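Visitor: I am sharing data-v9.tsv, which consists of TSV, C-alpha atoms:
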chain	number	residue	atom	x	y	z
A	1	MET	CA	-1.16	-35.24	7.71
A	2	SER	CA	-1.17	-34.52	11.42
A	3	ALA	CA	2.56	-33.99	11.88
A	4	GLN	CA	3.36	-31.35	14.46
A	5	ILE	CA	4.47	-28.11	12.83
A	6	THR	CA	7.28	-26.39	14.70
A	7	PRO	CA	7.66	-22.76	13.71
A	8	SER	CA	11.10	-21.15	13.91
A	9	ARG	CA	9.54	-17.75	14.44
A	10	THR	CA	6.20	-16.15	15.20
A	11	LEU	CA	5.13	-12.96	13.46
A	12	ASP	CA	2.44	-11.02	15.29
A	13	CYS	CA	0.14	-9.17	12.87
A	14	ARG	CA	-2.80	-8.97	15.23
A	15	GLY	CA	-4.66	-5.68	14.91
A	16	LEU	CA	-3.06	-4.95	11.54
A	17	LEU	CA	-5.05	-4.52	8.36
A	18	CYS	CA	-4.14	-5.07	4.72
A	19	PRO	CA	-1.52	-4.37	3.43
A	20	MET	CA	0.49	-4.59	6.65
A	21	PRO	CA	0.29	-8.38	7.25
A	22	ILE	CA	1.49	-9.04	3.69
A	23	ILE	CA	4.25	-6.43	3.89
A	24	LYS	CA	5.40	-7.81	7.24
A	25	ILE	CA	5.38	-11.45	6.23
A	26	SER	CA	7.32	-10.79	3.05
A	27	ASN	CA	10.00	-9.09	5.16
A	28	ALA	CA	9.93	-11.72	7.89
A	29	ILE	CA	10.25	-14.68	5.50
A	30	ARG	CA	13.56	-13.24	4.29
A	31	GLU	CA	15.04	-13.81	7.73
A	32	LEU	CA	14.33	-17.53	7.68
A	33	GLU	CA	16.36	-20.32	6.16
A	34	VAL	CA	14.77	-22.29	3.33
A	35	GLY	CA	12.64	-25.03	4.83
A	36	GLN	CA	11.95	-23.18	8.05
A	37	VAL	CA	8.40	-22.41	9.14
A	38	LEU	CA	7.02	-19.03	10.14
A	39	GLU	CA	3.91	-18.77	12.27
A	40	MET	CA	1.88	-15.64	11.58
A	41	LEU	CA	-0.90	-14.42	13.86
A	42	ALA	CA	-3.57	-12.19	12.33
A	43	THR	CA	-6.97	-10.80	13.18
A	44	ASP	CA	-7.81	-9.25	9.78
A	45	PRO	CA	-10.39	-11.55	8.16
A	46	GLY	CA	-9.14	-10.32	4.77
A	47	SER	CA	-5.77	-11.89	5.45
A	48	ARG	CA	-7.09	-15.37	4.61
A	49	ALA	CA	-7.54	-14.50	0.95
A	50	ASP	CA	-4.51	-12.18	0.95
A	51	MET	CA	-2.29	-14.99	2.25
A	52	LEU	CA	-3.53	-17.39	-0.44
A	53	ALA	CA	-2.68	-14.81	-3.10
A	54	TRP	CA	0.70	-14.17	-1.47
A	55	GLU	CA	1.40	-17.89	-1.42
A	56	LYS	CA	0.50	-18.20	-5.09
A	57	HIS	CA	2.73	-15.33	-6.14
A	58	THR	CA	5.75	-15.95	-3.93
A	59	GLY	CA	5.84	-19.74	-4.03
A	60	HIS	CA	6.18	-20.10	-0.26
A	61	GLU	CA	3.88	-22.73	1.16
A	62	ILE	CA	1.06	-22.34	3.65
A	63	LEU	CA	1.20	-25.62	5.53
A	64	ASP	CA	-1.82	-24.97	7.67
A	65	THR	CA	-4.29	-22.26	8.67
A	66	LYS	CA	-6.04	-22.35	12.02
A	67	GLU	CA	-8.80	-20.09	13.21
A	68	ASP	CA	-9.79	-19.70	16.82
A	69	ASP	CA	-12.37	-17.10	17.79
A	70	GLY	CA	-11.21	-14.48	15.29
A	71	LEU	CA	-7.51	-15.22	15.69
A	72	LEU	CA	-5.94	-16.64	12.54
A	73	ARG	CA	-2.72	-18.62	12.61
A	74	PHE	CA	-0.87	-19.25	9.36
A	75	TYR	CA	2.05	-21.69	9.18
A	76	VAL	CA	4.21	-20.77	6.24
A	77	ARG	CA	7.21	-22.71	4.99
A	78	LYS	CA	9.96	-20.85	3.18
A	79	THR	CA	10.53	-22.68	-0.09
A	80	ARG	CA	13.21	-20.58	-1.76
B	1	MET	CA	5.28	-24.59	-6.18
B	2	ALA	CA	6.46	-21.36	-7.89
B	3	GLU	CA	6.07	-21.51	-11.64
B	4	GLU	CA	9.01	-20.28	-13.66
B	5	LYS	CA	7.24	-17.51	-15.49
B	6	LYS	CA	7.87	-13.85	-16.09
B	7	ARG	CA	7.64	-11.66	-13.01
B	8	ARG	CA	4.29	-9.89	-12.79
B	9	ARG	CA	4.26	-6.17	-13.34
B	10	LEU	CA	1.89	-3.54	-11.94
B	11	ALA	CA	1.66	-0.13	-13.57
B	12	LEU	CA	-0.18	2.57	-11.66
B	13	VAL	CA	-1.11	6.13	-12.45
B	14	ALA	CA	-1.53	8.37	-9.41
B	15	SER	CA	-3.29	11.52	-10.56
B	16	GLN	CA	-4.82	12.72	-7.28
B	17	GLY	CA	-3.10	14.71	-4.58
B	18	SER	CA	-5.48	14.52	-1.64
B	19	LEU	CA	-4.55	12.37	1.36
B	20	ASP	CA	-7.42	9.94	0.84
B	21	MET	CA	-6.46	9.34	-2.78
B	22	ALA	CA	-2.78	8.89	-2.04
B	23	TYR	CA	-3.53	5.65	-0.22
B	24	PRO	CA	-4.98	3.44	-2.99
B	25	PRO	CA	-2.00	3.55	-5.37
B	26	LEU	CA	0.53	3.22	-2.55
B	27	ILE	CA	-1.24	0.36	-0.80
B	28	LEU	CA	-1.51	-1.51	-4.10
B	29	ALA	CA	2.13	-0.79	-4.92
B	30	SER	CA	3.47	-1.86	-1.52
B	31	THR	CA	1.36	-5.02	-1.58
B	32	ALA	CA	2.53	-5.86	-5.10
B	33	VAL	CA	6.21	-5.50	-4.19
B	34	SER	CA	5.54	-7.71	-1.15
B	35	MET	CA	4.26	-10.34	-3.55
B	36	GLY	CA	7.42	-10.11	-5.62
B	37	TRP	CA	5.97	-8.07	-8.46
B	38	GLU	CA	7.64	-5.30	-10.43
B	39	VAL	CA	5.90	-2.01	-9.79
B	40	GLY	CA	5.94	1.41	-11.37
B	41	ILE	CA	3.82	4.36	-10.29
B	42	PHE	CA	3.43	7.34	-12.59
B	43	PHE	CA	2.69	10.45	-10.52
B	44	THR	CA	0.95	13.00	-12.68
B	45	PHE	CA	-1.16	16.11	-12.14
B	46	TYR	CA	-1.98	16.50	-8.47
B	47	GLY	CA	-0.49	13.09	-7.80
B	48	LEU	CA	2.91	14.73	-8.20
B	49	ASP	CA	2.35	16.27	-4.74
B	50	ILE	CA	2.72	12.81	-3.22
B	51	ILE	CA	6.38	12.68	-4.25
B	52	ASN	CA	7.06	16.37	-3.72
B	53	LYS	CA	9.30	16.85	-0.63
B	54	ARG	CA	7.37	19.89	0.59
B	55	LYS	CA	3.87	18.67	-0.20
B	56	LEU	CA	4.15	15.06	0.99
B	57	PRO	CA	4.04	15.88	4.73
B	58	THR	CA	1.06	18.19	4.24
B	59	LEU	CA	-1.30	16.18	2.02
B	60	LYS	CA	-4.85	17.11	2.93
B	61	VAL	CA	-8.38	15.86	2.49
B	62	SER	CA	-11.36	18.14	2.21
B	63	ALA	CA	-14.97	17.67	3.30
B	64	VAL	CA	-16.16	19.89	0.47
B	65	GLY	CA	-18.14	18.07	-2.17
B	66	ASN	CA	-17.00	14.80	-0.65
B	67	PRO	CA	-20.29	12.99	0.03
B	68	ALA	CA	-18.45	9.71	0.53
B	69	MET	CA	-16.56	11.05	3.52
B	70	PRO	CA	-17.75	9.23	6.65
B	71	PRO	CA	-19.15	11.16	9.64
B	72	PRO	CA	-16.32	12.44	11.83
B	73	PHE	CA	-17.81	10.87	14.94
B	74	PRO	CA	-19.05	7.31	14.28
B	75	SER	CA	-21.42	7.58	17.24
B	76	VAL	CA	-23.08	10.62	15.66
B	77	PRO	CA	-24.19	9.49	12.19
B	78	VAL	CA	-24.20	12.96	10.66
B	79	GLN	CA	-22.11	13.62	7.58
B	80	VAL	CA	-20.37	16.94	7.22
B	81	PRO	CA	-22.45	19.10	4.85
B	82	THR	CA	-20.45	20.67	2.05
B	83	ILE	CA	-21.19	24.17	3.33
B	84	ILE	CA	-19.58	23.33	6.69
B	85	GLY	CA	-16.61	21.92	4.82
B	86	THR	CA	-15.93	25.38	3.37
B	87	LEU	CA	-15.41	27.01	6.76
B	88	PRO	CA	-11.88	28.04	7.70
B	89	GLY	CA	-10.16	25.16	9.44
B	90	ALA	CA	-12.58	22.54	8.11
B	91	THR	CA	-10.02	21.01	5.75
B	92	ALA	CA	-7.40	20.84	8.50
B	93	LEU	CA	-9.97	19.18	10.75
B	94	ALA	CA	-11.03	16.68	8.09
B	95	THR	CA	-7.36	15.87	7.48
B	96	SER	CA	-6.65	15.32	11.15
B	97	PHE	CA	-9.74	13.08	11.46
B	98	MET	CA	-8.55	10.96	8.55
B	99	LYS	CA	-5.05	10.69	10.05
B	100	GLY	CA	-6.66	9.68	13.34
B	101	TRP	CA	-8.69	6.90	11.71
B	102	MET	CA	-5.61	5.63	9.92
B	103	SER	CA	-3.45	5.66	13.01
B	104	LYS	CA	-6.15	3.99	15.12
B	105	ALA	CA	-6.34	1.20	12.55
B	106	ASN	CA	-2.54	0.87	12.66
B	107	MET	CA	-2.32	1.88	9.04
B	108	PRO	CA	1.06	2.96	7.74
B	109	THR	CA	1.58	6.57	6.66
B	110	ILE	CA	2.00	7.51	3.02
B	111	GLN	CA	5.72	8.06	3.69
B	112	GLU	CA	6.02	4.54	5.11
B	113	LEU	CA	4.22	3.02	2.13
B	114	ILE	CA	6.56	4.90	-0.23
B	115	GLU	CA	9.53	3.43	1.65
B	116	VAL	CA	8.14	-0.10	1.41
B	117	THR	CA	7.59	0.39	-2.33
B	118	LEU	CA	11.14	1.67	-2.88
B	119	ASP	CA	12.64	-1.08	-0.69
B	120	GLY	CA	10.84	-3.58	-2.92
B	121	ASP	CA	12.51	-2.04	-5.99
B	122	GLY	CA	9.30	-0.29	-6.98
B	123	LYS	CA	9.80	2.59	-9.39
B	124	LEU	CA	8.42	6.06	-8.82
B	125	PHE	CA	8.00	8.09	-11.98
B	126	ALA	CA	7.41	11.84	-11.95
B	127	CYS	CA	5.52	13.19	-14.93
B	128	THR	CA	7.80	15.68	-16.64
B	129	THR	CA	4.87	17.57	-18.18
B	130	THR	CA	3.25	18.10	-14.79
B	131	MET	CA	6.61	19.30	-13.52
B	132	GLY	CA	6.82	21.83	-16.33
B	133	VAL	CA	3.21	22.99	-16.00
B	134	MET	CA	3.36	23.36	-12.21
B	135	GLY	CA	6.95	24.60	-11.97
B	136	VAL	CA	8.33	21.63	-10.03
B	137	GLU	CA	12.06	20.95	-10.24
B	138	GLU	CA	13.77	17.61	-9.81
B	139	GLU	CA	15.32	18.72	-6.53
B	140	ASP	CA	11.79	19.32	-5.18
B	141	LEU	CA	11.10	15.62	-5.44
B	142	ILE	CA	11.87	12.90	-2.90
B	143	GLU	CA	14.81	10.50	-3.32
B	144	GLY	CA	14.39	7.56	-5.62
B	145	VAL	CA	12.19	9.24	-8.23
B	146	SER	CA	12.90	9.21	-11.96
B	147	CYS	CA	11.35	11.74	-14.31
B	148	LEU	CA	9.75	10.68	-17.53
B	149	GLY	CA	6.88	11.39	-19.89
B	150	ALA	CA	3.74	9.64	-21.02
B	151	ALA	CA	5.30	7.66	-23.85
B	152	ALA	CA	8.01	6.22	-21.61
B	153	PHE	CA	5.44	5.31	-18.97
B	154	LEU	CA	3.17	3.71	-21.56
B	155	ASP	CA	6.13	1.67	-22.70
B	156	PHE	CA	6.56	0.47	-19.08
B	157	ALA	CA	2.82	-0.20	-18.84
B	158	SER	CA	2.76	-2.10	-22.13
B	159	GLU	CA	4.60	-4.91	-20.34
B	160	ALA	CA	2.38	-4.75	-17.27
B	161	ASP	CA	-0.03	-7.50	-16.27
B	162	VAL	CA	-2.12	-5.05	-14.32
B	163	SER	CA	-2.50	-1.35	-15.15
B	164	LEU	CA	-4.54	0.88	-12.89
B	165	PHE	CA	-5.53	4.51	-12.88
B	166	VAL	CA	-6.26	6.32	-9.63
Just give me the structure of the file as structure tokens.
Guide:
Amino acid sequence: MSAQITPSRTLDCRGLLCPMPIIKISNAIRELEVGQVLEMLATDPGSRADMLAWEKHTGHEILDTKEDDGLLRFYVRKTR
Amino acid sequence: MAEEKKRRRLALVASQGSLDMAYPPLILASTAVSMGWEVGIFFTFYGLDIINKRKLPTLKVSAVGNPAMPPPFPSVPVQVPTIIGTLPGATALATSFMKGWMSKANMPTIQELIEVTLDGDGKLFACTTTMGVMGVEEEDLIEGVSCLGAAAFLDFASEADVSLFV
């Protein structure tokens, strides 16, 4: 599945530690339409596991996670 | 795919009133509401200070008998001995160091975490017994707090998936 993901918005959580990325993404996802994709940037290594837990409990879908020299990019689709 | 099951519930007891111990329950609560959970925090004993209008802005942390407190200057790996922590001004200094670490790490303040929790429909419960014992009135408490006792909180916690004591 190498389809290009086009985010509708980017949320910058670089430099923020738990719980801030999770708090911010749960607020940001509310502003999207169902089906839209949010790109979140993070530097907190803990956010990988936090985002998986958030995905599990909210039902939104992480389409892809990229890591590049400490910078994490999550692509999250709003499902409901 | 979200499963259609009962919403998760987190029940927390916040019994400590120092700045360092105000963070754990509030970080857990604000994270849980961000994950769509129901949350209730029972503020009892010194934890009542966290939701007390006058005390909330002045929560402190002491270096006395606090061997887990990190050295104030990371470059100088010397922990504050308890005896130094008893000197006048030492608590204020320890508190300002902690606030500095938090702000440098872009951590939210306790007030901000309370707001996130309330915005996420989290419930703040003030222990009525603590209020009676320490002479705290309902008007001394911040907005959004309900007052109840142990039995009512235990009833809330009986339906919780996760119950934690801080």
Visitor: Rank B:Val61, B:Val78, B:Met102, B:Met21 by their smallest atom-to-atom distance to chain A, using only C-alpha atoms, and report the top residue only.
Guide: B:Met102
Visitor: Around (0.5, -18.5, 2.1) in the file's frame, which residues reach within 9 Å when counting only C-alpha atoms? Return as a PDB file with C-alpha atoms, keeping the file's coordinate frame?
Guide:
ATOM      1  CA  ARG A  48      -7.090 -15.370   4.610  1.00  0.00           C
ATOM      2  CA  ASP A  50      -4.510 -12.180   0.950  1.00  0.00           C
ATOM      3  CA  MET A  51      -2.290 -14.990   2.250  1.00  0.00           C
ATOM      4  CA  LEU A  52      -3.530 -17.390  -0.440  1.00  0.00           C
ATOM      5  CA  ALA A  53      -2.680 -14.810  -3.100  1.00  0.00           C
ATOM      6  CA  TRP A  54       0.700 -14.170  -1.470  1.00  0.00           C
ATOM      7  CA  GLU A  55       1.400 -17.890  -1.420  1.00  0.00           C
ATOM      8  CA  LYS A  56       0.500 -18.200  -5.090  1.00  0.00           C
ATOM      9  CA  THR A  58       5.750 -15.950  -3.930  1.00  0.00           C
ATOM     10  CA  GLY A  59       5.840 -19.740  -4.030  1.00  0.00           C
ATOM     11  CA  HIS A  60       6.180 -20.100  -0.260  1.00  0.00           C
ATOM     12  CA  GLU A  61       3.880 -22.730   1.160  1.00  0.00           C
ATOM     13  CA  ILE A  62       1.060 -22.340   3.650  1.00  0.00           C
ATOM     14  CA  LEU A  63       1.200 -25.620   5.530  1.00  0.00           C
ATOM     15  CA  ASP A  64      -1.820 -24.970   7.670  1.00  0.00           C
ATOM     16  CA  THR A  65      -4.290 -22.260   8.670  1.00  0.00           C
ATOM     17  CA  PHE A  74      -0.870 -19.250   9.360  1.00  0.00           C
ATOM     18  CA  TYR A  75       2.050 -21.690   9.180  1.00  0.00           C
ATOM     19  CA  VAL A  76       4.210 -20.770   6.240  1.00  0.00           C
ATOM     20  CA  ARG A  77       7.210 -22.710   4.990  1.00  0.00           C
TER      21      ARG A  77
END
Visitor: Quick one: which residues from chain B are at most 9 Å off chain A, using all atoms listed in the file, as number ranges by chain?
Guide: B: 1-3, 8, 27-28, 30-31, 33-37, 105-108, 116
Visitor: May I have the centre and edge lengths, in Å to one decimal, of an axis-aligned box around the listed atoms of range 102-108 of chain B with 5 Å added to every side, as JSON?
Guide:
{"center_x": -2.6, "center_y": 3.3, "center_z": 11.4, "size_x": 17.4, "size_y": 14.8, "size_z": 17.4}
Visitor: If you count only C-alpha atoms, which residues fall within 10 Å of range 129-139 of chain B, apart from same-chain ones fewer than 5 positions away, as a PyMOL selection string?
Guide: chain B and resi 43-49+52-53+145-150
